[in-house]
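In what follows, a single structure is set out as structure tokens and then discussed.
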Amino acid sequence: MTKWLSTLALIFFLFASVSGHAQLTKIGGGFSFATGGQYIYNGYEYYNSSVGFDIRAEFDITKSIKIVPDIQFYLPNTYEYNQNEESKTTLIAVDLNGHFIIASSRKIDFYAIGGFHVGGWNIEDKHTDLFEGPLDNSAFKIDFAANLGAGIEIKITRHLAIFADIKYIVSNSNQLAFTPGLIYEF
């Protein structure tokens, strides 16, 4: 847990130093669909192939470079063992991405995504193993990663736009995340 708090503090200070040179221009959120996330802990596999909620802000550095911090809360992924036992894996992800505009028109922006990812895997697993007997394999684990992807933003009114990101999270628990949503421009 101390690692998690230290990581959040580091991200906050990095964010605070960047925001001193950037202007908050947009806030928004949406849904996040994750697939392929696998975390191995004590020899057991845990997965995050679930739906989550995304909250984000956007800071303009230049006209074509944006800093986008966001956080995703994923619903628990449940695996049922025999004898009415189960394990639940819940993921909280904090990202600090750069959006690099590669093509732009009056209403549509296409952008590349590159940045940092910190995933907090909350594993709750209490079951009876066939060979080891009763098992309590519960923990909160941190996974550091890099994000690579692309996205599109389409303006629908002067202050409202829809967006869609797809990014590959390069880590010990490699996964693909698709995030569509709405964003409000100040």
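Each chain in the structure tokens gets a letter, A, B, ..., in the order shown, and its residues are numbered from 1; ligands are numbered from 1 in order too.
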(request) Within 12 Å of segment 153-167 of chain A, counting only C-alpha atoms, which residues show up once you throw out same-chain ones fewer than 5 positions away? Write them as a VMD selection string, please. (result) chain A and resid 25 to 35 54 56 68 95 97 99 101 to 117 145 to 148 174 to 186
(request) Determine the nearest neighbour of His127 of chain A from the options A:Asn82, A:Ser173, A:Asn48, A:Asn77, counting only C-alpha atoms. (result)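 Among the listed residues, A:Asn82 lies closest to His127 of chain A.
Shell of Phe73 of chain A at 8 Å, with only C-alpha atoms counted and residues fewer than 3 places along the chain excluded, is Gly52, Phe53, Asp54, Leu91, Ile92 and Ala93 of chain A.
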(request) Step one, run DSSP on the backbone; step two, keep only residues of segment 24-186 of chain A assigned to strand (DSSP E or B); then write them as an MDAnalysis selection string. (result) chainID A and resid 24:35 37:41 44:48 51:60 65:74 77:80 86:104 108:129 133:136 139:155 160:170 175:185
(request) For atom CA of Asp136 of chain A and atom CA of Gln38 of chain A, determine how far apart the two atoms are, in Å to one decimal place. (result) 19.0 Å
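Closest to Pro134 of chain A among A:Val51, A:Glu85, A:Lys66, A:Ile40 is A:Glu85, based on only C-alpha atoms.
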(request) Could you jot down the atom CA of Pro76 of chain A to atom CA of Asn122 of chain A separation for me, Å, one decimal place? (result) 9.0 Å
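Each of A:Gln23, A:Thr128, A:Asn42, A:Ser50 was compared to Thr89 of chain A using only C-alpha atoms, and A:Ser50 turns out to be the nearest.
Distance annotation: of A:Asn137, A:Tyr168, A:Gly43, A:Lys63, the residue with the minimal separation from Ser87 of chain A is A:Asn137; atom set is only C-alpha atoms.
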(message) One decimal, in Å: what's the spacing between atom CA of Ile65 of chain A and atom CA of Val170 of chain A?
(response)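 For atom CA of Ile65 of chain A relative to atom CA of Val170 of chain A, the distance reads 22.0 Å.
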(request) Pick out each residue of chain A that DSSP on the backbone tags as helix (DSSP H, G or I); I need them as a list in words. (result) Thr2, Lys3, Trp4, Leu5, Ser6, Thr7, Leu8, Ala9, Leu10, Ile11, Phe12, Phe13, Leu14, Phe15, Ala16, Ser17, Val18 and Ser19 of chain A
